[in-house]
$ cat data-v2.cif   # mmCIF, C-alpha atoms
data_protein
loop_
_atom_site.label_atom_id
_atom_site.label_comp_id
_atom_site.auth_asym_id
_atom_site.auth_seq_id
_atom_site.Cartn_x
_atom_site.Cartn_y
_atom_site.Cartn_z
CA MET W 7 0.00 0.00 0.00
CA LYS W 8 2.84 2.35 0.80
CA ASN W 9 4.36 1.83 -2.67
CA ILE W 10 0.99 2.48 -4.32
CA LYS W 11 0.55 5.68 -2.31
CA ASN W 12 4.04 6.90 -3.28
CA TYR W 13 3.28 6.10 -6.91
CA TRP W 14 0.15 8.26 -6.96
CA LEU W 15 1.89 11.06 -5.10
CA ALA W 16 4.60 11.07 -7.80
CA ILE W 17 1.96 11.16 -10.54
CA ILE W 18 0.19 14.10 -8.87
CA ALA W 19 3.50 15.96 -8.52
CA ILE W 20 4.31 15.49 -12.20
CA LEU W 21 0.84 16.65 -13.26
CA GLY W 22 1.27 19.71 -11.07
CA LEU W 23 4.55 20.61 -12.75
CA LEU W 24 3.03 20.16 -16.20
CA TYR W 25 0.10 22.41 -15.27
CA CYS W 26 2.45 25.14 -14.01
CA SER W 27 4.50 24.88 -17.21
CA LYS W 28 1.35 25.31 -19.27
CA GLU W 29 0.40 28.41 -17.30
CA LYS W 30 3.81 29.99 -17.92
CA THR W 31 4.57 28.98 -21.51
CA GLY W 32 1.25 28.25 -23.18
CA PHE W 33 1.99 24.60 -23.91
CA VAL W 34 2.38 21.44 -21.90
CA PRO W 35 5.92 20.04 -22.13
CA THR W 36 6.29 16.31 -22.43
CA ILE W 37 9.09 14.07 -21.26
CA LYS W 38 11.68 14.62 -24.00
CA ASN W 39 11.80 11.89 -26.61
CA ALA W 40 15.00 10.65 -28.27
CA ASP W 41 14.85 13.25 -31.05
CA GLN W 42 14.45 16.11 -28.57
CA GLU W 43 17.29 14.77 -26.45
CA MET W 44 19.49 14.68 -29.54
CA ALA W 45 18.45 18.22 -30.46
CA SER W 46 19.21 19.45 -26.95
CA LYS W 47 22.68 17.91 -27.22
CA TYR W 48 23.65 19.82 -30.35
CA PHE W 49 21.56 22.99 -30.21
CA GLY W 50 20.26 25.28 -27.48
CA ILE W 51 17.51 27.70 -26.58
CA LEU W 52 18.21 31.36 -27.29
CA PRO W 53 18.64 33.29 -24.01
CA GLU W 54 16.36 36.03 -22.81
CA VAL W 55 17.60 39.61 -23.19
CA SER W 56 19.94 40.40 -20.32
CA LYS W 57 19.17 43.29 -17.98
CA ASP W 58 22.47 44.65 -16.73
CA SER W 59 24.73 47.69 -16.95
CA ILE W 60 25.35 46.98 -20.63
CA VAL W 61 21.67 46.79 -21.56
CA THR W 62 19.52 49.45 -19.89
CA PRO W 63 16.26 50.85 -21.28
CA GLU W 64 17.89 54.26 -21.75
CA LYS W 65 20.87 52.86 -23.67
CA VAL W 66 18.63 50.65 -25.77
CA TYR W 67 16.37 53.55 -26.76
CA LEU W 68 19.31 55.80 -27.62
CA GLY W 69 20.81 52.96 -29.64
CA LYS W 70 17.59 52.45 -31.51
CA VAL W 71 17.37 56.12 -32.46
CA LEU W 72 20.99 56.06 -33.62
CA PHE W 73 20.40 52.83 -35.56
CA HIS W 74 17.77 54.60 -37.69
CA ASP W 75 19.56 57.94 -38.08
CA THR W 76 20.99 58.90 -41.47
CA ARG W 77 23.08 61.63 -39.80
CA LEU W 78 25.64 58.88 -39.20
CA SER W 79 26.48 58.86 -42.92
CA GLU W 80 28.36 61.62 -44.71
CA LYS W 81 25.69 62.53 -47.28
CA GLY W 82 22.76 61.46 -45.14
CA ASN W 83 21.72 58.63 -47.43
CA ASN W 84 22.29 55.70 -45.08
CA SER W 85 21.52 54.57 -41.57
CA CYS W 86 22.43 51.26 -39.94
CA ASN W 87 18.91 50.17 -40.84
CA SER W 88 19.58 50.75 -44.54
CA CYS W 89 21.69 47.59 -44.79
CA HIS W 90 20.31 45.81 -41.70
CA ASN W 91 16.62 46.47 -42.22
CA LEU W 92 14.68 45.36 -39.16
CA ASP W 93 11.55 44.94 -41.30
CA THR W 94 13.30 42.28 -43.39
CA TYR W 95 15.06 40.22 -40.74
CA GLY W 96 18.04 42.52 -40.33
CA VAL W 97 19.26 42.41 -43.93
CA ASP W 98 18.54 44.25 -47.19
CA ASN W 99 18.26 41.04 -49.29
CA LYS W 100 20.80 42.42 -51.77
CA GLN W 101 23.96 40.71 -52.94
CA PHE W 102 25.94 43.79 -51.91
CA SER W 103 24.60 46.79 -50.02
CA THR W 104 24.57 50.30 -51.45
CA GLY W 105 26.90 52.72 -49.66
CA ASP W 106 26.29 56.38 -48.85
CA ASP W 107 27.90 57.48 -52.12
CA GLY W 108 25.94 54.98 -54.23
CA GLY W 109 28.73 52.42 -54.60
CA LEU W 110 28.46 48.78 -53.61
CA GLY W 111 30.17 47.05 -50.71
CA GLY W 112 32.41 44.03 -51.17
CA ARG W 113 30.59 41.50 -48.97
CA ASN W 114 27.00 40.57 -48.26
CA ALA W 115 25.47 42.31 -45.23
CA PRO W 116 24.74 39.71 -42.52
CA THR W 117 21.71 39.95 -40.28
CA VAL W 118 21.89 42.00 -37.09
CA PHE W 119 19.41 39.70 -35.32
CA ASN W 120 21.15 37.44 -32.77
CA ALA W 121 24.54 38.83 -33.88
CA SER W 122 25.39 39.88 -30.33
CA LEU W 123 25.67 36.18 -29.42
CA HIS W 124 28.36 35.50 -32.03
CA PHE W 125 31.97 34.98 -30.96
CA ALA W 126 33.18 37.68 -33.37
CA GLN W 127 31.69 40.18 -35.83
CA PHE W 128 31.92 40.63 -39.62
CA TRP W 129 32.60 37.81 -42.06
CA ASP W 130 36.32 38.04 -41.33
CA GLY W 131 35.96 38.46 -37.56
CA ARG W 132 37.77 41.79 -37.44
CA ALA W 133 35.63 43.03 -34.51
CA LYS W 134 35.42 41.10 -31.26
CA ASP W 135 31.88 42.16 -30.28
CA VAL W 136 28.93 44.33 -31.29
CA GLU W 137 30.36 47.29 -29.34
CA GLU W 138 33.44 47.29 -31.56
CA GLN W 139 31.47 46.45 -34.68
CA ALA W 140 29.04 49.35 -34.29
CA GLY W 141 31.61 51.99 -35.18
CA GLY W 142 33.09 50.21 -38.21
CA PRO W 143 30.47 50.88 -40.90
CA ILE W 144 30.15 54.54 -39.87
CA MET W 145 33.81 55.16 -40.74
CA ASN W 146 34.03 52.77 -43.70
CA PRO W 147 34.41 54.76 -46.97
CA ALA W 148 32.36 52.15 -48.82
CA GLU W 149 29.52 52.27 -46.31
CA MET W 150 28.57 55.38 -44.30
CA ALA W 151 31.78 57.25 -45.09
CA MET W 152 32.12 59.61 -42.13
CA HIS W 153 35.61 61.05 -41.71
CA THR W 154 36.21 61.45 -37.97
CA ASN W 155 34.56 60.50 -34.70
CA ASN W 156 34.29 64.17 -33.74
CA GLU W 157 32.43 64.95 -36.97
CA VAL W 158 29.77 62.42 -36.02
CA ILE W 159 29.38 63.70 -32.45
CA ASP W 160 29.25 67.34 -33.57
CA ARG W 161 26.30 66.51 -35.80
CA LEU W 162 24.48 64.87 -32.94
CA LYS W 163 25.20 67.74 -30.53
CA ALA W 164 23.49 70.11 -32.96
CA THR W 165 20.15 68.30 -32.56
CA ASP W 166 17.40 68.97 -30.03
CA HIS W 167 17.14 65.45 -28.65
CA TYR W 168 20.53 63.72 -28.58
CA PRO W 169 22.15 65.67 -25.70
CA ASP W 170 19.29 64.64 -23.41
CA LEU W 171 19.20 61.03 -24.68
CA PHE W 172 22.95 60.58 -24.12
CA LYS W 173 22.70 62.11 -20.65
CA LYS W 174 19.92 59.69 -19.68
CA ALA W 175 21.78 56.71 -21.11
CA PHE W 176 25.10 57.57 -19.45
CA PRO W 177 24.16 59.56 -16.33
CA LYS W 178 27.48 59.05 -14.54
CA ASP W 179 29.65 60.37 -17.40
CA LYS W 180 30.87 63.95 -17.18
CA ASP W 181 30.76 64.15 -20.98
CA PRO W 182 28.27 61.50 -22.14
CA MET W 183 28.31 62.49 -25.82
CA THR W 184 31.27 60.49 -27.09
CA PHE W 185 31.78 58.16 -30.03
CA ASP W 186 32.57 55.34 -27.61
CA ASN W 187 29.19 55.81 -25.93
CA LEU W 188 27.53 55.94 -29.34
CA LYS W 189 28.92 52.47 -30.05
CA LYS W 190 27.83 51.19 -26.64
CA ALA W 191 24.28 52.44 -27.20
CA ILE W 192 23.91 50.91 -30.65
CA ALA W 193 25.32 47.65 -29.29
CA ALA W 194 22.88 47.73 -26.35
CA PHE W 195 20.01 47.94 -28.82
CA GLU W 196 21.46 45.14 -30.94
CA ARG W 197 21.71 42.95 -27.83
CA THR W 198 17.92 43.05 -27.56
CA LEU W 199 17.44 41.68 -31.08
CA LEU W 200 17.08 38.00 -30.16
CA THR W 201 14.56 35.86 -32.02
CA ARG W 202 13.13 32.72 -30.47
CA SER W 203 11.27 30.50 -32.95
CA LYS W 204 9.15 27.37 -32.78
CA PHE W 205 12.37 25.35 -32.67
CA ASP W 206 12.97 26.83 -29.22
CA GLN W 207 9.52 25.60 -28.21
CA TYR W 208 10.56 22.14 -29.40
CA LEU W 209 13.73 22.31 -27.31
CA LEU W 210 11.70 23.48 -24.32
CA GLY W 211 9.65 20.30 -24.51
CA ASP W 212 6.78 20.75 -26.98
CA ALA W 213 7.30 17.75 -29.30
CA SER W 214 4.14 18.55 -31.28
CA VAL W 215 5.34 21.87 -32.65
CA LEU W 216 7.50 20.32 -35.40
CA THR W 217 6.21 18.19 -38.28
CA SER W 218 7.64 14.79 -39.13
CA GLN W 219 9.45 16.29 -42.13
CA GLU W 220 10.99 19.06 -40.02
CA ILE W 221 12.24 16.48 -37.52
CA ALA W 222 13.57 14.32 -40.37
CA GLY W 223 15.40 17.38 -41.70
CA MET W 224 16.90 18.10 -38.28
CA LYS W 225 18.14 14.52 -37.99
CA LYS W 226 19.59 14.63 -41.51
CA PHE W 227 21.26 17.96 -40.69
CA VAL W 228 23.05 16.21 -37.83
CA GLU W 229 23.70 12.97 -39.70
CA VAL W 230 25.43 14.47 -42.74
CA GLY W 231 27.69 16.67 -40.61
CA CYS W 232 26.24 20.20 -40.86
CA ILE W 233 26.27 20.19 -37.07
CA THR W 234 30.08 20.29 -37.06
CA CYS W 235 29.98 24.04 -37.62
CA HIS W 236 26.33 25.00 -37.21
CA ASN W 237 25.54 24.21 -33.59
CA GLY W 238 24.60 25.86 -30.29
CA PRO W 239 21.71 28.28 -29.66
CA THR W 240 22.58 30.41 -32.70
CA VAL W 241 23.14 27.35 -34.95
CA GLY W 242 26.46 28.83 -36.00
CA GLY W 243 28.36 32.05 -35.36
CA GLN W 244 30.88 30.45 -32.98
CA MET W 245 33.90 29.57 -35.12
CA TYR W 246 35.82 30.17 -38.34
CA GLN W 247 35.80 27.62 -41.13
CA LYS W 248 37.34 27.38 -44.56
CA PHE W 249 34.79 27.88 -47.31
CA GLY W 250 35.70 25.14 -49.74
CA VAL W 251 37.01 22.31 -47.55
CA PHE W 252 36.84 19.74 -50.36
CA PHE W 253 36.45 21.88 -53.50
CA PRO W 254 37.04 25.54 -54.44
CA TYR W 255 33.80 27.24 -53.45
CA GLU W 256 33.67 29.46 -56.55
CA LYS W 257 33.35 26.37 -58.74
CA PHE W 258 29.88 25.80 -57.30
CA THR W 259 28.78 29.32 -56.30
CA HIS W 260 29.97 30.83 -59.60
CA SER W 261 31.29 33.79 -57.66
CA ALA W 262 32.58 36.70 -59.75
CA LYS W 263 35.52 37.22 -57.37
CA VAL W 264 37.50 34.90 -55.10
CA ASP W 265 37.64 36.35 -51.58
CA ASN W 266 40.61 35.55 -49.33
CA GLY W 267 38.45 35.87 -46.24
CA ARG W 268 40.12 36.25 -42.86
CA MET W 269 43.59 36.26 -44.42
CA ASP W 270 42.99 39.88 -45.42
CA VAL W 271 42.87 40.70 -41.69
CA THR W 272 45.57 38.43 -40.27
CA LYS W 273 47.89 38.28 -43.33
CA ASN W 274 48.34 34.63 -42.41
CA LYS W 275 48.23 32.19 -45.34
CA ALA W 276 46.57 29.62 -43.08
CA ASP W 277 43.52 31.92 -42.86
CA GLN W 278 42.94 32.03 -46.60
CA PHE W 279 39.26 31.36 -47.43
CA MET W 280 38.42 31.27 -43.71
CA PHE W 281 35.15 32.98 -42.80
CA LYS W 282 33.02 33.20 -39.70
CA VAL W 283 30.43 30.46 -39.75
CA MET W 284 27.15 32.30 -40.05
CA SER W 285 24.20 31.66 -37.77
CA LEU W 286 21.31 29.87 -39.44
CA ARG W 287 18.67 31.60 -37.31
CA ASN W 288 16.12 33.15 -39.73
CA ILE W 289 18.17 31.86 -42.67
CA GLU W 290 14.98 31.39 -44.69
CA LYS W 291 14.57 35.18 -44.78
CA THR W 292 18.15 36.45 -45.07
CA GLY W 293 19.25 35.55 -48.59
CA PRO W 294 21.11 35.85 -50.85
CA TYR W 295 23.65 33.54 -49.26
CA PHE W 296 27.36 33.30 -48.46
CA HIS W 297 29.88 36.10 -47.96
CA ASP W 298 29.39 37.34 -51.52
CA GLY W 299 25.65 36.80 -51.87
CA SER W 300 26.38 34.55 -54.82
CA VAL W 301 23.51 32.08 -54.29
CA LYS W 302 19.92 33.29 -54.14
CA ASP W 303 18.05 30.08 -53.37
CA LEU W 304 18.25 28.35 -49.96
CA ASN W 305 17.89 24.89 -51.49
CA GLU W 306 20.85 25.61 -53.76
CA ALA W 307 22.87 26.97 -50.83
CA VAL W 308 22.32 23.71 -48.91
CA LYS W 309 23.36 21.72 -51.98
CA VAL W 310 26.55 23.78 -52.35
CA MET W 311 27.43 23.40 -48.67
CA GLY W 312 26.93 19.64 -48.85
CA LYS W 313 29.37 19.40 -51.74
CA VAL W 314 32.13 21.88 -50.93
CA GLN W 315 32.12 21.47 -47.14
CA LEU W 316 31.16 17.80 -46.66
CA ASN W 317 31.94 16.19 -50.03
CA LYS W 318 28.38 14.88 -50.16
CA ASP W 319 25.98 14.94 -53.09
CA LEU W 320 22.76 15.49 -51.18
CA SER W 321 19.62 14.11 -52.79
CA GLN W 322 16.73 16.42 -53.52
CA GLN W 323 14.74 14.78 -50.72
CA GLU W 324 17.58 15.34 -48.26
CA ILE W 325 17.84 18.98 -49.31
CA THR W 326 14.08 19.47 -49.03
CA ASP W 327 14.03 17.94 -45.55
CA ILE W 328 16.99 20.00 -44.33
CA VAL W 329 15.44 23.21 -45.64
CA SER W 330 12.20 22.27 -43.90
CA PHE W 331 14.16 22.07 -40.64
CA LEU W 332 15.96 25.37 -41.31
CA LYS W 333 12.61 27.10 -41.69
CA THR W 334 11.77 26.17 -38.09
CA LEU W 335 14.51 28.66 -37.12
CA THR W 336 12.46 31.54 -38.56
CA ALA W 337 10.93 33.70 -35.85
CA ASP W 338 8.28 36.40 -35.79
CA ILE W 339 10.00 39.77 -35.38
CA SER W 340 8.28 41.80 -32.69
CA ALA W 341 6.48 45.01 -33.58
CA ASP W 342 8.56 46.79 -30.94
CA ALA W 343 11.82 45.81 -32.64
CA LYS W 344 10.55 47.12 -35.99
CA ALA W 345 8.95 50.32 -34.67
CA ILE W 346 10.76 53.50 -35.71
CA PRO W 347 11.38 55.97 -32.84
CA LYS W 348 9.54 59.29 -33.00
CA GLU W 349 12.87 61.13 -33.14
CA ASN W 350 13.55 59.50 -36.49
CA LEU W 351 10.06 60.13 -37.79
CA ASP W 352 10.28 63.82 -36.77
CA LYS W 353 13.91 64.40 -37.75
CA LYS W 354 15.20 67.84 -36.95
#
$ encode --input "data-v2.cif" --output "structure tokens"
Amino acid sequence: MKNIKNYWLAIIAILGLLYCSKEKTGFVPTIKNADQEMASKYFGILPEVSKDSIVTPEKVYLGKVLFHDTRLSEKGNNSCNSCHNLDTYGVDNKQFSTGDDGGLGGRNAPTVFNASLHFAQFWDGRAKDVEEQAGGPIMNPAEMAMHTNNEVIDRLKATDHYPDLFKKAFPKDKDPMTFDNLKKAIAAFERTLLTRSKFDQYLLGDASVLTSQEIAGMKKFVEVGCITCHNGPTVGGQMYQKFGVFFPYEKFTHSAKVDNGRMDVTKNKADQFMFKVMSLRNIEKTGPYFHDGSVKDLNEAVKVMGKVQLNKDLSQQEITDIVSFLKTLTADISADAKAIPKENLDKK
């Protein structure tokens, strides 16, 4: 009788936990099956936005206003949002972005969503974090083309709103309006741009949220070896890898120009054709693909990666299944993230 009583007490306790989980998350988690356990081993749930000294509401709001402001470009044609459009998953869906002077950049603009979780920034990793990255495009002649840090800050000081916004964001600074603080504010905003999808629900315990084909695609993704580079919560973004492990990539991407990758930064021959492994979060929406935007179709991009990185000729069914899984990484972008601040709407 004692064993029977303990059994029912355990069942009641489990049901209680499931009920509480439903109240908090909107779905009832199940005991993880083998596929979910495998997924949890290789991937991970995106974290919640941190609330600390780096990310405060005041810094985030200032960063958002700056992100949308064309004053940060020499001729006033570009803002950060021009190339990293928050309405289109943080990209402009162009092979190469248009700079302030009308010219084209040399590499495809990666998405800003979830970028703060990457181990380095830019395709060649030349910036260690989003704080360092934020100032690069502003001073790049091919992008926003400003000449000096002081020129940028002088423009902002001449406005009605920025002195007050900087003071609120950096209340302890004697002189809050600095280029360094500008970078910190933009980075604080970018750190809020995290996008949980239905795949996160699956990892949290809701086995019903994915279809059988999506699960088959996830298992194939692991089986063929994509997981070697594309793993963790961001499904990539945590290492460098040579593009063209088995074959020259340009043979299959038909790229107009061969890019040396990270070697241009390090000057080390061993880094030739090495690029940061991109995150596959929202990959369905962020084409064209690869560092040079040379492939427009996601199915074709998967086929190319199978060949040049894994030396595998993926069947059409395998490609279709893998793409089905990749689409589970697409999230709904919040209205708040896409909303343009009133200071940008009423620019003066």
$ resolve_selection --input "data-v2.cif" --expression "the PyMOL selection byres ((chain W and resi 89-97) around 9)" --output "JSON, numbers by chain"
{"W": [84, 85, 86, 87, 88, 98, 99, 100, 103, 104, 105, 115, 116, 117, 118, 119, 288, 291, 292, 293, 339, 343, 344, 345]}
$ atom_distance --input "data-v2.cif" --atom1 "CA of Phe296 (chain W)" --atom2 "CA of Met311 (chain W)"
9.9 Å
$ atom_distance --input "data-v2.cif" --atom1 "CA of Gln244 (chain W)" --atom2 "CA of Trp129 (chain W)"
11.8 Å
$ residues_around --input "data-v2.cif" --residues "Asp75 (chain W)" --least-positions-apart "2" --cutoff "9 Å" --atoms "only C-alpha atoms" --output "ChimeraX atom specification"
/W:70-73,77-79,82,84-87,349-350,353
$ resolve_selection --input "data-v2.cif" --expression "the PyMOL selection byres ((chain W and resi 290) around 12)" --output "VMD selection string"
chain W and resid 94 to 95 97 99 117 285 to 289 291 to 295 302 to 305 307 to 308 328 to 337
$ atom_distance --input "data-v2.cif" --atom1 "CA of Ala262 (chain W)" --atom2 "CA of Gln278 (chain W)"
17.4 Å
$ resolve_selection --input "data-v2.cif" --expression "the PyMOL selection byres ((chain W and resi 131) around 9)" --output "PyMOL selection string"
chain W and resi 125-130+132-134+246+268+271+281-282
$ build_atoms --input "data-v2.cif" --residues "region 60-88 of chain W" --atoms "N, CA and C atoms" --output "short mmCIF file (atom, residue, chain, number, x, y, z; two decimals), in the coordinates of the input"
data_model
loop_
_atom_site.label_atom_id
_atom_site.label_comp_id
_atom_site.auth_asym_id
_atom_site.auth_seq_id
_atom_site.Cartn_x
_atom_site.Cartn_y
_atom_site.Cartn_z
N ILE W 60 25.13 46.84 -19.19
CA ILE W 60 25.35 46.98 -20.63
C ILE W 60 24.05 47.28 -21.35
N VAL W 61 22.98 46.63 -20.91
CA VAL W 61 21.67 46.79 -21.56
C VAL W 61 20.69 47.42 -20.58
N THR W 62 20.52 48.73 -20.67
CA THR W 62 19.52 49.45 -19.89
C THR W 62 18.49 50.03 -20.85
N PRO W 63 17.28 50.29 -20.39
CA PRO W 63 16.26 50.85 -21.28
C PRO W 63 16.71 52.15 -21.95
N GLU W 64 17.43 52.96 -21.21
CA GLU W 64 17.89 54.26 -21.75
C GLU W 64 18.93 54.07 -22.85
N LYS W 65 19.86 53.14 -22.64
CA LYS W 65 20.87 52.86 -23.67
C LYS W 65 20.23 52.24 -24.90
N VAL W 66 19.31 51.32 -24.67
CA VAL W 66 18.63 50.65 -25.77
C VAL W 66 17.86 51.66 -26.62
N TYR W 67 17.15 52.58 -25.99
CA TYR W 67 16.37 53.55 -26.76
C TYR W 67 17.29 54.47 -27.55
N LEU W 68 18.34 54.96 -26.91
CA LEU W 68 19.31 55.80 -27.62
C LEU W 68 19.88 55.03 -28.81
N GLY W 69 20.25 53.77 -28.57
CA GLY W 69 20.81 52.96 -29.64
C GLY W 69 19.86 52.76 -30.79
N LYS W 70 18.59 52.63 -30.47
CA LYS W 70 17.59 52.45 -31.51
C LYS W 70 17.44 53.70 -32.36
N VAL W 71 17.45 54.85 -31.71
CA VAL W 71 17.37 56.12 -32.46
C VAL W 71 18.59 56.28 -33.36
N LEU W 72 19.76 55.98 -32.82
CA LEU W 72 20.99 56.06 -33.62
C LEU W 72 20.96 55.08 -34.78
N PHE W 73 20.45 53.89 -34.54
CA PHE W 73 20.40 52.83 -35.56
C PHE W 73 19.63 53.29 -36.80
N HIS W 74 18.63 54.13 -36.59
CA HIS W 74 17.77 54.60 -37.69
C HIS W 74 18.18 55.96 -38.25
N ASP W 75 19.24 56.55 -37.74
CA ASP W 75 19.56 57.94 -38.08
C ASP W 75 20.55 58.04 -39.25
N THR W 76 20.13 58.72 -40.31
CA THR W 76 20.99 58.90 -41.47
C THR W 76 22.06 59.97 -41.25
N ARG W 77 22.01 60.66 -40.12
CA ARG W 77 23.08 61.63 -39.80
C ARG W 77 24.43 60.93 -39.62
N LEU W 78 24.40 59.63 -39.41
CA LEU W 78 25.64 58.88 -39.20
C LEU W 78 26.35 58.56 -40.52
N SER W 79 25.80 59.01 -41.63
CA SER W 79 26.48 58.86 -42.92
C SER W 79 26.79 60.23 -43.49
N GLU W 80 27.86 60.32 -44.25
CA GLU W 80 28.36 61.62 -44.71
C GLU W 80 27.30 62.42 -45.47
N LYS W 81 26.66 61.81 -46.45
CA LYS W 81 25.69 62.53 -47.28
C LYS W 81 24.26 62.38 -46.78
N GLY W 82 24.08 61.63 -45.70
CA GLY W 82 22.76 61.46 -45.14
C GLY W 82 21.87 60.49 -45.90
N ASN W 83 22.50 59.59 -46.65
CA ASN W 83 21.72 58.63 -47.43
C ASN W 83 21.49 57.30 -46.69
N ASN W 84 22.34 57.01 -45.73
CA ASN W 84 22.29 55.70 -45.08
C ASN W 84 22.21 55.78 -43.57
N SER W 85 21.49 54.83 -43.00
CA SER W 85 21.52 54.57 -41.57
C SER W 85 21.96 53.12 -41.40
N CYS W 86 22.14 52.68 -40.18
CA CYS W 86 22.43 51.26 -39.94
C CYS W 86 21.31 50.40 -40.52
N ASN W 87 20.08 50.91 -40.38
CA ASN W 87 18.91 50.17 -40.84
C ASN W 87 18.84 50.03 -42.36
N SER W 88 19.60 50.83 -43.07
CA SER W 88 19.58 50.75 -44.54
C SER W 88 20.07 49.39 -45.02
#
